[in-house]
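Colleague: As input, take protein-v3.tsv (TSV, N, CA and C atoms):
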```tsv
chain	number	residue	atom	x	y	z
A	1	LEU	N	-76.05	-33.44	-124.33
A	1	LEU	CA	-75.13	-34.30	-125.05
A	1	LEU	C	-75.86	-35.09	-126.11
A	2	ALA	N	-75.20	-35.26	-127.21
A	2	ALA	CA	-75.75	-36.09	-128.27
A	2	ALA	C	-75.68	-37.56	-127.85
A	3	PRO	N	-76.62	-38.36	-128.32
A	3	PRO	CA	-76.57	-39.78	-127.98
A	3	PRO	C	-75.20	-40.38	-128.35
A	4	GLY	N	-74.61	-41.10	-127.42
A	4	GLY	CA	-73.32	-41.74	-127.64
A	4	GLY	C	-72.13	-40.85	-127.39
A	5	ALA	N	-72.35	-39.55	-127.15
A	5	ALA	CA	-71.24	-38.63	-126.92
A	5	ALA	C	-70.75	-38.76	-125.47
A	6	LEU	N	-69.48	-38.56	-125.29
A	6	LEU	CA	-68.91	-38.61	-123.95
A	6	LEU	C	-69.05	-37.24	-123.29
A	7	PRO	N	-69.23	-37.23	-121.98
A	7	PRO	CA	-69.27	-35.95	-121.28
A	7	PRO	C	-67.87	-35.33	-121.28
A	8	PRO	N	-67.78	-34.03	-121.05
A	8	PRO	CA	-66.46	-33.42	-121.00
A	8	PRO	C	-65.67	-33.99	-119.82
A	9	PRO	N	-64.35	-34.01	-119.93
A	9	PRO	CA	-63.56	-34.55	-118.81
A	9	PRO	C	-63.73	-33.72	-117.56
A	10	ALA	N	-63.70	-34.38	-116.42
A	10	ALA	CA	-63.80	-33.69	-115.14
A	10	ALA	C	-62.48	-32.97	-114.88
A	11	PRO	N	-62.52	-31.87	-114.17
A	11	PRO	CA	-61.26	-31.19	-113.85
A	11	PRO	C	-60.39	-32.07	-112.94
A	12	VAL	N	-59.09	-31.89	-113.05
A	12	VAL	CA	-58.15	-32.64	-112.22
A	12	VAL	C	-58.35	-32.19	-110.77
A	13	PRO	N	-58.52	-33.13	-109.84
A	13	PRO	CA	-58.70	-32.74	-108.44
A	13	PRO	C	-57.53	-31.89	-107.95
A	14	ALA	N	-57.83	-30.87	-107.19
A	14	ALA	CA	-56.79	-29.96	-106.71
A	14	ALA	C	-56.05	-30.54	-105.50
A	15	HIS	N	-56.76	-31.26	-104.65
A	15	HIS	CA	-56.14	-31.77	-103.43
A	15	HIS	C	-55.30	-33.01	-103.72
A	16	LEU	N	-54.12	-33.05	-103.14
A	16	LEU	CA	-53.17	-34.14	-103.35
A	16	LEU	C	-53.79	-35.50	-103.07
A	17	ALA	N	-54.50	-35.63	-101.97
A	17	ALA	CA	-55.10	-36.92	-101.59
A	17	ALA	C	-56.09	-37.39	-102.64
A	18	ASP	N	-56.90	-36.47	-103.17
A	18	ASP	CA	-57.90	-36.85	-104.16
A	18	ASP	C	-57.27	-37.17	-105.51
A	19	ARG	N	-56.29	-36.39	-105.89
A	19	ARG	CA	-55.68	-36.56	-107.22
A	19	ARG	C	-54.94	-37.89	-107.34
A	20	TRP	N	-54.24	-38.31	-106.28
A	20	TRP	CA	-53.44	-39.53	-106.36
A	20	TRP	C	-53.98	-40.64	-105.48
A	21	SER	N	-55.22	-40.54	-105.03
A	21	SER	CA	-55.86	-41.57	-104.20
A	21	SER	C	-55.00	-41.94	-103.00
A	22	LEU	N	-54.55	-40.92	-102.28
A	22	LEU	CA	-53.74	-41.14	-101.09
A	22	LEU	C	-54.59	-40.97	-99.85
A	23	PRO	N	-54.28	-41.70	-98.78
A	23	PRO	CA	-54.96	-41.39	-97.51
A	23	PRO	C	-54.57	-39.98	-97.08
A	24	GLY	N	-55.47	-39.32	-96.40
A	24	GLY	CA	-55.23	-37.94	-96.00
A	24	GLY	C	-53.93	-37.75	-95.22
A	25	TRP	N	-53.63	-38.68	-94.31
A	25	TRP	CA	-52.42	-38.54	-93.49
A	25	TRP	C	-51.17	-38.59	-94.36
A	26	LEU	N	-51.18	-39.44	-95.41
A	26	LEU	CA	-50.01	-39.56	-96.27
A	26	LEU	C	-49.85	-38.31	-97.15
A	27	ALA	N	-50.95	-37.81	-97.67
A	27	ALA	CA	-50.90	-36.58	-98.46
A	27	ALA	C	-50.34	-35.44	-97.61
A	28	ALA	N	-50.79	-35.35	-96.37
A	28	ALA	CA	-50.29	-34.29	-95.48
A	28	ALA	C	-48.79	-34.46	-95.22
A	29	GLU	N	-48.35	-35.68	-95.05
A	29	GLU	CA	-46.92	-35.93	-94.81
A	29	GLU	C	-46.09	-35.59	-96.04
A	30	LEU	N	-46.58	-35.93	-97.24
A	30	LEU	CA	-45.86	-35.57	-98.46
A	30	LEU	C	-45.77	-34.05	-98.60
A	31	GLU	N	-46.86	-33.36	-98.30
A	31	GLU	CA	-46.85	-31.90	-98.39
A	31	GLU	C	-45.90	-31.30	-97.36
A	32	ARG	N	-45.84	-31.88	-96.16
A	32	ARG	CA	-44.94	-31.39	-95.13
A	32	ARG	C	-43.48	-31.63	-95.54
A	33	ALA	N	-43.20	-32.82	-96.06
A	33	ALA	CA	-41.82	-33.18	-96.37
A	33	ALA	C	-41.32	-32.56	-97.67
A	34	ALA	N	-42.18	-32.46	-98.68
A	34	ALA	CA	-41.73	-32.02	-100.01
A	34	ALA	C	-42.19	-30.62	-100.38
A	35	GLY	N	-43.06	-30.04	-99.60
A	35	GLY	CA	-43.51	-28.68	-99.88
A	35	GLY	C	-44.12	-28.55	-101.26
A	36	ALA	N	-43.65	-27.57	-102.01
A	36	ALA	CA	-44.19	-27.31	-103.35
A	36	ALA	C	-43.92	-28.45	-104.32
A	37	GLU	N	-42.96	-29.31	-103.99
A	37	GLU	CA	-42.63	-30.45	-104.85
A	37	GLU	C	-43.50	-31.69	-104.56
A	38	ALA	N	-44.42	-31.58	-103.61
A	38	ALA	CA	-45.26	-32.72	-103.24
A	38	ALA	C	-46.03	-33.30	-104.43
A	39	PRO	N	-46.63	-32.49	-105.31
A	39	PRO	CA	-47.32	-33.10	-106.46
A	39	PRO	C	-46.37	-33.90	-107.37
A	40	ALA	N	-45.17	-33.39	-107.58
A	40	ALA	CA	-44.21	-34.14	-108.42
A	40	ALA	C	-43.80	-35.43	-107.73
A	41	LEU	N	-43.62	-35.39	-106.41
A	41	LEU	CA	-43.27	-36.60	-105.67
A	41	LEU	C	-44.40	-37.61	-105.73
A	42	ALA	N	-45.63	-37.17	-105.52
A	42	ALA	CA	-46.78	-38.07	-105.58
A	42	ALA	C	-46.90	-38.69	-106.97
A	43	ASP	N	-46.67	-37.89	-107.99
A	43	ASP	CA	-46.73	-38.40	-109.37
A	43	ASP	C	-45.66	-39.46	-109.59
A	44	ALA	N	-44.45	-39.23	-109.09
A	44	ALA	CA	-43.36	-40.21	-109.24
A	44	ALA	C	-43.67	-41.49	-108.47
A	45	LEU	N	-44.25	-41.35	-107.28
A	45	LEU	CA	-44.59	-42.53	-106.48
A	45	LEU	C	-45.71	-43.34	-107.12
A	46	ASP	N	-46.48	-42.72	-107.99
A	46	ASP	CA	-47.61	-43.38	-108.64
A	46	ASP	C	-47.21	-44.18	-109.88
A	47	LEU	N	-45.97	-44.03	-110.32
A	47	LEU	CA	-45.52	-44.76	-111.51
A	47	LEU	C	-45.41	-46.25	-111.21
A	48	PRO	N	-45.71	-47.10	-112.18
A	48	PRO	CA	-45.57	-48.53	-111.94
A	48	PRO	C	-44.11	-48.90	-111.72
A	49	GLY	N	-43.88	-49.82	-110.82
A	49	GLY	CA	-42.53	-50.29	-110.54
A	49	GLY	C	-42.08	-51.30	-111.58
A	50	PRO	N	-40.82	-51.67	-111.51
A	50	PRO	CA	-40.30	-52.66	-112.45
A	50	PRO	C	-40.90	-54.04	-112.17
A	51	VAL	N	-40.86	-54.90	-113.17
A	51	VAL	CA	-41.34	-56.27	-113.04
A	51	VAL	C	-40.13	-57.18	-112.91
A	52	PHE	N	-40.09	-57.94	-111.82
A	52	PHE	CA	-39.03	-58.92	-111.60
A	52	PHE	C	-39.64	-60.31	-111.58
A	53	LEU	N	-38.92	-61.26	-112.12
A	53	LEU	CA	-39.36	-62.66	-112.15
A	53	LEU	C	-38.32	-63.52	-111.44
A	54	ARG	N	-38.80	-64.52	-110.72
A	54	ARG	CA	-37.91	-65.49	-110.08
A	54	ARG	C	-38.04	-66.80	-110.83
A	55	ALA	N	-36.94	-67.23	-111.40
A	55	ALA	CA	-36.93	-68.51	-112.12
A	55	ALA	C	-37.21	-69.64	-111.14
A	56	ASN	N	-38.04	-70.57	-111.53
A	56	ASN	CA	-38.30	-71.77	-110.74
A	56	ASN	C	-37.16	-72.73	-111.02
A	57	LEU	N	-36.17	-72.73	-110.15
A	57	LEU	CA	-34.94	-73.50	-110.39
A	57	LEU	C	-35.17	-75.00	-110.32
A	58	LEU	N	-36.35	-75.43	-109.89
A	58	LEU	CA	-36.67	-76.86	-109.94
A	58	LEU	C	-37.07	-77.28	-111.35
A	59	ARG	N	-37.36	-76.31	-112.22
A	59	ARG	CA	-37.82	-76.60	-113.58
A	59	ARG	C	-36.91	-76.03	-114.66
A	60	THR	N	-36.17	-74.96	-114.35
A	60	THR	CA	-35.37	-74.29	-115.38
A	60	THR	C	-34.28	-73.46	-114.72
A	61	GLY	N	-33.36	-72.99	-115.50
A	61	GLY	CA	-32.35	-72.06	-115.02
A	61	GLY	C	-32.71	-70.65	-115.43
A	62	ARG	N	-32.05	-69.67	-114.82
A	62	ARG	CA	-32.35	-68.28	-115.13
A	62	ARG	C	-32.10	-67.99	-116.61
A	63	ASP	N	-30.98	-68.45	-117.16
A	63	ASP	CA	-30.66	-68.16	-118.55
A	63	ASP	C	-31.61	-68.88	-119.51
A	64	GLU	N	-32.00	-70.09	-119.15
A	64	GLU	CA	-32.98	-70.82	-119.98
A	64	GLU	C	-34.33	-70.12	-119.95
A	65	LEU	N	-34.71	-69.61	-118.79
A	65	LEU	CA	-35.95	-68.86	-118.68
A	65	LEU	C	-35.88	-67.61	-119.54
A	66	ALA	N	-34.77	-66.91	-119.50
A	66	ALA	CA	-34.61	-65.70	-120.32
A	66	ALA	C	-34.80	-66.04	-121.80
A	67	ALA	N	-34.26	-67.15	-122.24
A	67	ALA	CA	-34.40	-67.56	-123.63
A	67	ALA	C	-35.85	-67.90	-123.95
A	68	ALA	N	-36.53	-68.60	-123.04
A	68	ALA	CA	-37.94	-68.95	-123.27
A	68	ALA	C	-38.80	-67.69	-123.33
A	69	LEU	N	-38.52	-66.73	-122.46
A	69	LEU	CA	-39.27	-65.48	-122.48
A	69	LEU	C	-38.98	-64.68	-123.74
A	70	ALA	N	-37.74	-64.67	-124.17
A	70	ALA	CA	-37.38	-63.96	-125.41
A	70	ALA	C	-38.14	-64.54	-126.59
A	71	ALA	N	-38.30	-65.86	-126.61
A	71	ALA	CA	-39.05	-66.51	-127.68
A	71	ALA	C	-40.52	-66.08	-127.67
A	72	GLU	N	-41.00	-65.62	-126.51
A	72	GLU	CA	-42.38	-65.13	-126.40
A	72	GLU	C	-42.45	-63.60	-126.53
A	73	GLY	N	-41.32	-62.98	-126.84
A	73	GLY	CA	-41.30	-61.53	-127.06
A	73	GLY	C	-41.07	-60.70	-125.82
A	74	VAL	N	-40.60	-61.32	-124.74
A	74	VAL	CA	-40.36	-60.60	-123.49
A	74	VAL	C	-38.86	-60.49	-123.28
A	75	ALA	N	-38.35	-59.24	-123.29
A	75	ALA	CA	-36.93	-59.00	-123.08
A	75	ALA	C	-36.66	-58.89	-121.58
A	76	THR	N	-35.54	-59.46	-121.15
A	76	THR	CA	-35.16	-59.42	-119.74
A	76	THR	C	-33.65	-59.19	-119.63
A	77	ARG	N	-33.24	-58.91	-118.42
A	77	ARG	CA	-31.82	-58.88	-118.06
A	77	ARG	C	-31.70	-59.52	-116.69
A	78	PRO	N	-30.52	-60.06	-116.36
A	78	PRO	CA	-30.36	-60.63	-115.02
A	78	PRO	C	-30.56	-59.57	-113.95
A	79	GLY	N	-31.09	-59.99	-112.82
A	79	GLY	CA	-31.23	-59.09	-111.69
A	79	GLY	C	-29.86	-58.65	-111.19
A	80	ALA	N	-29.84	-57.60	-110.41
A	80	ALA	CA	-28.57	-57.06	-109.92
A	80	ALA	C	-27.93	-57.94	-108.85
A	81	LEU	N	-28.76	-58.59	-108.02
A	81	LEU	CA	-28.20	-59.33	-106.88
A	81	LEU	C	-28.71	-60.76	-106.73
A	82	ALA	N	-29.99	-60.98	-106.94
A	82	ALA	CA	-30.56	-62.31	-106.72
A	82	ALA	C	-30.20	-63.24	-107.88
A	83	SER	N	-29.76	-64.44	-107.56
A	83	SER	CA	-29.22	-65.34	-108.58
A	83	SER	C	-30.26	-65.89	-109.55
A	84	ALA	N	-31.52	-65.99	-109.15
A	84	ALA	CA	-32.56	-66.53	-110.03
A	84	ALA	C	-33.43	-65.43	-110.63
A	85	CYS	N	-33.01	-64.17	-110.48
A	85	CYS	CA	-33.84	-63.03	-110.85
A	85	CYS	C	-33.64	-62.58	-112.29
A	86	LEU	N	-34.76	-62.26	-112.92
A	86	LEU	CA	-34.76	-61.59	-114.22
A	86	LEU	C	-35.60	-60.33	-114.08
A	87	ALA	N	-35.09	-59.22	-114.61
A	87	ALA	CA	-35.84	-57.98	-114.67
A	87	ALA	C	-36.40	-57.83	-116.07
A	88	VAL	N	-37.68	-57.59	-116.19
A	88	VAL	CA	-38.31	-57.40	-117.50
A	88	VAL	C	-37.93	-56.02	-118.01
A	89	THR	N	-37.38	-55.97	-119.23
A	89	THR	CA	-36.95	-54.69	-119.81
A	89	THR	C	-37.84	-54.24	-120.97
A	90	SER	N	-38.68	-55.12	-121.47
A	90	SER	CA	-39.61	-54.74	-122.54
A	90	SER	C	-40.86	-54.14	-121.90
A	91	PRO	N	-41.74	-53.56	-122.69
A	91	PRO	CA	-43.00	-53.04	-122.11
A	91	PRO	C	-43.71	-54.12	-121.30
A	92	ARG	N	-44.40	-53.69	-120.26
A	92	ARG	CA	-45.02	-54.62	-119.31
A	92	ARG	C	-45.87	-55.69	-120.00
A	93	PRO	N	-45.44	-56.93	-119.93
A	93	PRO	CA	-46.22	-58.01	-120.56
A	93	PRO	C	-47.31	-58.53	-119.62
A	94	ASN	N	-48.24	-59.24	-120.18
A	94	ASN	CA	-49.21	-59.99	-119.38
A	94	ASN	C	-48.51	-61.28	-118.97
A	95	VAL	N	-47.76	-61.24	-117.87
A	95	VAL	CA	-46.93	-62.38	-117.50
A	95	VAL	C	-47.76	-63.62	-117.24
A	96	TYR	N	-48.98	-63.45	-116.75
A	96	TYR	CA	-49.81	-64.62	-116.44
A	96	TYR	C	-50.36	-65.29	-117.71
A	97	GLY	N	-50.25	-64.62	-118.84
A	97	GLY	CA	-50.69	-65.20	-120.10
A	97	GLY	C	-49.56	-65.89	-120.86
A	98	LEU	N	-48.36	-65.84	-120.34
A	98	LEU	CA	-47.21	-66.43	-121.05
A	98	LEU	C	-47.17	-67.94	-120.87
A	99	ALA	N	-46.72	-68.63	-121.92
A	99	ALA	CA	-46.55	-70.08	-121.84
A	99	ALA	C	-45.57	-70.45	-120.74
A	100	ALA	N	-44.52	-69.65	-120.55
A	100	ALA	CA	-43.54	-69.94	-119.50
A	100	ALA	C	-44.19	-69.91	-118.12
A	101	HIS	N	-45.17	-69.05	-117.92
A	101	HIS	CA	-45.87	-69.03	-116.63
A	101	HIS	C	-46.78	-70.24	-116.51
A	102	ARG	N	-47.47	-70.59	-117.57
A	102	ARG	CA	-48.34	-71.78	-117.53
A	102	ARG	C	-47.54	-73.04	-117.26
A	103	ARG	N	-46.27	-73.05	-117.65
A	103	ARG	CA	-45.39	-74.20	-117.41
A	103	ARG	C	-44.68	-74.09	-116.06
A	104	ALA	N	-45.07	-73.08	-115.26
A	104	ALA	CA	-44.53	-72.85	-113.91
A	104	ALA	C	-43.02	-72.66	-113.91
A	105	LEU	N	-42.52	-71.94	-114.93
A	105	LEU	CA	-41.08	-71.70	-115.01
A	105	LEU	C	-40.65	-70.49	-114.19
A	106	PHE	N	-41.60	-69.66	-113.76
A	106	PHE	CA	-41.25	-68.47	-112.97
A	106	PHE	C	-42.42	-68.04	-112.11
A	107	GLU	N	-42.09	-67.15	-111.18
A	107	GLU	CA	-43.07	-66.47	-110.35
A	107	GLU	C	-42.71	-64.99	-110.37
A	108	VAL	N	-43.70	-64.13	-110.33
A	108	VAL	CA	-43.45	-62.70	-110.22
A	108	VAL	C	-43.08	-62.43	-108.77
A	109	GLN	N	-41.89	-61.88	-108.56
A	109	GLN	CA	-41.43	-61.60	-107.19
A	109	GLN	C	-40.35	-60.54	-107.23
A	110	ASP	N	-40.50	-59.51	-106.41
A	110	ASP	CA	-39.53	-58.44	-106.34
A	110	ASP	C	-38.15	-59.00	-106.02
A	111	GLU	N	-37.11	-58.36	-106.55
A	111	GLU	CA	-35.76	-58.87	-106.32
A	111	GLU	C	-35.39	-58.86	-104.83
A	112	GLY	N	-35.82	-57.85	-104.10
A	112	GLY	CA	-35.52	-57.81	-102.67
A	112	GLY	C	-36.12	-59.00	-101.94
A	113	SER	N	-37.32	-59.39	-102.30
A	113	SER	CA	-37.94	-60.57	-101.69
A	113	SER	C	-37.20	-61.84	-102.08
A	114	GLN	N	-36.70	-61.89	-103.31
A	114	GLN	CA	-35.91	-63.04	-103.72
A	114	GLN	C	-34.64	-63.17	-102.88
A	115	LEU	N	-34.05	-62.04	-102.55
A	115	LEU	CA	-32.82	-62.06	-101.75
A	115	LEU	C	-33.06	-62.63	-100.36
A	116	LEU	N	-34.26	-62.42	-99.81
A	116	LEU	CA	-34.55	-62.97	-98.48
A	116	LEU	C	-34.46	-64.49	-98.49
A	117	GLY	N	-35.04	-65.11	-99.50
A	117	GLY	CA	-34.97	-66.57	-99.60
A	117	GLY	C	-33.54	-67.05	-99.73
A	118	GLU	N	-32.73	-66.32	-100.51
A	118	GLU	CA	-31.33	-66.70	-100.66
A	118	GLU	C	-30.57	-66.52	-99.34
A	119	ALA	N	-30.81	-65.42	-98.65
A	119	ALA	CA	-30.10	-65.14	-97.40
A	119	ALA	C	-30.42	-66.20	-96.34
A	120	LEU	N	-31.64	-66.72	-96.37
A	120	LEU	CA	-32.04	-67.75	-95.41
A	120	LEU	C	-31.69	-69.15	-95.87
A	121	ALA	N	-31.15	-69.26	-97.08
A	121	ALA	CA	-30.83	-70.57	-97.67
A	121	ALA	C	-32.07	-71.46	-97.67
A	122	ALA	N	-33.20	-70.90	-98.10
A	122	ALA	CA	-34.45	-71.65	-98.15
A	122	ALA	C	-34.30	-72.85	-99.09
A	123	CYS	N	-34.90	-73.95	-98.68
A	123	CYS	CA	-34.86	-75.19	-99.47
A	123	CYS	C	-36.26	-75.46	-100.03
A	124	PRO	N	-36.33	-76.32	-101.07
A	124	PRO	CA	-37.66	-76.69	-101.58
A	124	PRO	C	-38.56	-77.18	-100.45
A	125	GLY	N	-39.77	-76.64	-100.42
A	125	GLY	CA	-40.73	-76.99	-99.39
A	125	GLY	C	-40.76	-76.03	-98.22
A	126	ASP	N	-39.69	-75.22	-98.06
A	126	ASP	CA	-39.68	-74.22	-97.01
A	126	ASP	C	-40.61	-73.07	-97.38
A	127	ALA	N	-41.11	-72.37	-96.38
A	127	ALA	CA	-41.91	-71.17	-96.60
A	127	ALA	C	-41.17	-70.00	-95.97
A	128	VAL	N	-41.10	-68.89	-96.73
A	128	VAL	CA	-40.45	-67.68	-96.23
A	128	VAL	C	-41.49	-66.59	-96.21
A	129	LEU	N	-41.70	-65.99	-95.06
A	129	LEU	CA	-42.67	-64.90	-94.94
A	129	LEU	C	-41.92	-63.59	-95.08
A	130	ASP	N	-42.25	-62.84	-96.11
A	130	ASP	CA	-41.65	-61.52	-96.35
A	130	ASP	C	-42.65	-60.49	-95.89
A	131	ALA	N	-42.50	-60.02	-94.68
A	131	ALA	CA	-43.43	-59.02	-94.14
A	131	ALA	C	-42.77	-57.69	-94.18
```
Show me, as structure tokens, the structure contained in the file I just sent.

Modeller:
Amino acid sequence: LAPGALPPPAPVPAHLADRWSLPGWLAAELERAAGAEAPALADALDLPGPVFLRANLLRTGRDELAAALAAEGVATRPGALASACLAVTSPRPNVYGLAAHRRALFEVQDEGSQLLGEALAACPGDAVLDA
């Protein structure tokens, strides 16, 4: 190789566990359950999930948070079920670098986890363990 040149790319690992960094038992289960479609399933499972934000209702409302995020270039839509939830619809932002996060206007939290707090009627100061 010439100085500064990159080596040729390594071949894509053939084994499901190696290619998608899966534990052996999980790769075997995917192959058992999906057969020839196991690589496509593993690829789909490897995609990043959506980003959901929970508005800090002690500091702002969901709609006010959406406006603050829009001003920072982050597009959102209301969550499907959780009342304080916003789903990020723009390309994945660095949420921890946003002014709205520095002002503690939101927390990153899956919508399903947000629903647990609502279902339990959690109050300020309560702790909810989502296991």

Colleague: I'd like the contact shell of Ala99 of chain A - 8 Å cut-off, only N, CA and C atoms, skipping same-chain residues fewer than 6 positions apart - returned as number ranges by chain.

Modeller: A: 68, 72, 105

Colleague: Give the strand (DSSP E or B) residues of chain A, as assigned by DSSP on the backbone, as a PyMOL selection string.

Modeller: chain A and resi 52-55+76-78+85-88+106-108

Colleague: Just list the residues in chain A DSSP gives alpha helix (DSSP H) on the backbone, as a PyMOL selection string.

Modeller: chain A and resi 16-19+24-34+38-45+62-71+99-102+111-119

Colleague: By how many Å are atom N of Arg62 of chain A and atom CA of Cys123 of chain A apart?

Modeller: 16.6 Å

Colleague: Ala28 of chain A: which residues within 7 Å, counting all atoms listed in the file, same-chain residues fewer than 5 positions away excluded, as a PDB file with N, CA and C atoms, keeping the file's coordinate frame?

Modeller:
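So part-v4.pdb came out as:
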```pdb
ATOM      1  N   ALA A  17     -54.500 -35.630-101.970  1.00  0.00           N
ATOM      2  CA  ALA A  17     -55.100 -36.920-101.590  1.00  0.00           C
ATOM      3  C   ALA A  17     -56.090 -37.390-102.640  1.00  0.00           C
ATOM      4  N   PRO A  23     -54.280 -41.700 -98.780  1.00  0.00           N
ATOM      5  CA  PRO A  23     -54.960 -41.390 -97.510  1.00  0.00           C
ATOM      6  C   PRO A  23     -54.570 -39.980 -97.080  1.00  0.00           C
ATOM      7  N   ALA A  33     -43.200 -32.820 -96.060  1.00  0.00           N
ATOM      8  CA  ALA A  33     -41.820 -33.180 -96.370  1.00  0.00           C
ATOM      9  C   ALA A  33     -41.320 -32.560 -97.670  1.00  0.00           C
TER      10      ALA A  33
END
```

Colleague: Do you have the atom CA of Gly125 of chain A-atom CA of Gly97 of chain A distance handy?

Modeller: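 Atom-to-atom, atom CA of Gly125 of chain A to atom CA of Gly97 of chain A, that is 25.8 Å.
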
Colleague: For a cutoff of 8 Å around the file-coordinate point (-41.4, -55.9, -116.9), which residues qualify once you count all atoms listed in the file? I'd like the result as a PDB file with N, CA and C atoms, in the coordinates of the input.

Modeller:
```
ATOM      1  N   GLY A  49     -43.880 -49.820-110.820  1.00  0.00           N
ATOM      2  CA  GLY A  49     -42.530 -50.290-110.540  1.00  0.00           C
ATOM      3  C   GLY A  49     -42.080 -51.300-111.580  1.00  0.00           C
ATOM      4  N   PRO A  50     -40.820 -51.670-111.510  1.00  0.00           N
ATOM      5  CA  PRO A  50     -40.300 -52.660-112.450  1.00  0.00           C
ATOM      6  C   PRO A  50     -40.900 -54.040-112.170  1.00  0.00           C
ATOM      7  N   VAL A  51     -40.860 -54.900-113.170  1.00  0.00           N
ATOM      8  CA  VAL A  51     -41.340 -56.270-113.040  1.00  0.00           C
ATOM      9  C   VAL A  51     -40.130 -57.180-112.910  1.00  0.00           C
ATOM     10  N   PHE A  52     -40.090 -57.940-111.820  1.00  0.00           N
ATOM     11  CA  PHE A  52     -39.030 -58.920-111.600  1.00  0.00           C
ATOM     12  C   PHE A  52     -39.640 -60.310-111.580  1.00  0.00           C
ATOM     13  N   LEU A  53     -38.920 -61.260-112.120  1.00  0.00           N
ATOM     14  CA  LEU A  53     -39.360 -62.660-112.150  1.00  0.00           C
ATOM     15  C   LEU A  53     -38.320 -63.520-111.440  1.00  0.00           C
ATOM     16  N   ALA A  75     -38.350 -59.240-123.290  1.00  0.00           N
ATOM     17  CA  ALA A  75     -36.930 -59.000-123.080  1.00  0.00           C
ATOM     18  C   ALA A  75     -36.660 -58.890-121.580  1.00  0.00           C
ATOM     19  N   THR A  76     -35.540 -59.460-121.150  1.00  0.00           N
ATOM     20  CA  THR A  76     -35.160 -59.420-119.740  1.00  0.00           C
ATOM     21  C   THR A  76     -33.650 -59.190-119.630  1.00  0.00           C
ATOM     22  N   LEU A  86     -34.760 -62.260-112.920  1.00  0.00           N
ATOM     23  CA  LEU A  86     -34.760 -61.590-114.220  1.00  0.00           C
ATOM     24  C   LEU A  86     -35.600 -60.330-114.080  1.00  0.00           C
ATOM     25  N   ALA A  87     -35.090 -59.220-114.610  1.00  0.00           N
ATOM     26  CA  ALA A  87     -35.840 -57.980-114.670  1.00  0.00           C
ATOM     27  C   ALA A  87     -36.400 -57.830-116.070  1.00  0.00           C
ATOM     28  N   VAL A  88     -37.680 -57.590-116.190  1.00  0.00           N
ATOM     29  CA  VAL A  88     -38.310 -57.400-117.500  1.00  0.00           C
ATOM     30  C   VAL A  88     -37.930 -56.020-118.010  1.00  0.00           C
ATOM     31  N   THR A  89     -37.380 -55.970-119.230  1.00  0.00           N
ATOM     32  CA  THR A  89     -36.950 -54.690-119.810  1.00  0.00           C
ATOM     33  C   THR A  89     -37.840 -54.240-120.970  1.00  0.00           C
ATOM     34  N   SER A  90     -38.680 -55.120-121.470  1.00  0.00           N
ATOM     35  CA  SER A  90     -39.610 -54.740-122.540  1.00  0.00           C
ATOM     36  C   SER A  90     -40.860 -54.140-121.900  1.00  0.00           C
ATOM     37  N   PRO A  91     -41.740 -53.560-122.690  1.00  0.00           N
ATOM     38  CA  PRO A  91     -43.000 -53.040-122.110  1.00  0.00           C
ATOM     39  C   PRO A  91     -43.710 -54.120-121.300  1.00  0.00           C
ATOM     40  N   ARG A  92     -44.400 -53.690-120.260  1.00  0.00           N
ATOM     41  CA  ARG A  92     -45.020 -54.620-119.310  1.00  0.00           C
ATOM     42  C   ARG A  92     -45.870 -55.690-120.000  1.00  0.00           C
ATOM     43  N   PRO A  93     -45.440 -56.930-119.930  1.00  0.00           N
ATOM     44  CA  PRO A  93     -46.220 -58.010-120.560  1.00  0.00           C
ATOM     45  C   PRO A  93     -47.310 -58.530-119.620  1.00  0.00           C
TER      46      PRO A  93
END
```

Colleague: Give as a ChimeraX atom specification the set of residues within 8 Å of the point (-28.2, -59.3, -105.3), where distances use the file's coordinates and all atoms listed in the file.

Modeller: /A:79-83,111-112,114-115

Colleague: Could you tell me how far atom C of Ala55 of chain A lies from atom C of Asp130 of chain A, in Å and to one decimal?

Modeller: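 So the answer is 18.6 Å.
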
Colleague: Would you compute the box with edges along x, y and z of the file around segment 63-76 of chain A, including every atom the file lists for it and 6 Å extra on each side, and give its centre and edge lengths in Å to one decimal, as AutoDock Vina command-line options?

Modeller:
```
--center_x -36.6 --center_y -64.9 --center_z -122.4 --size_x 23.8 --size_y 23.9 --size_z 22.5
```
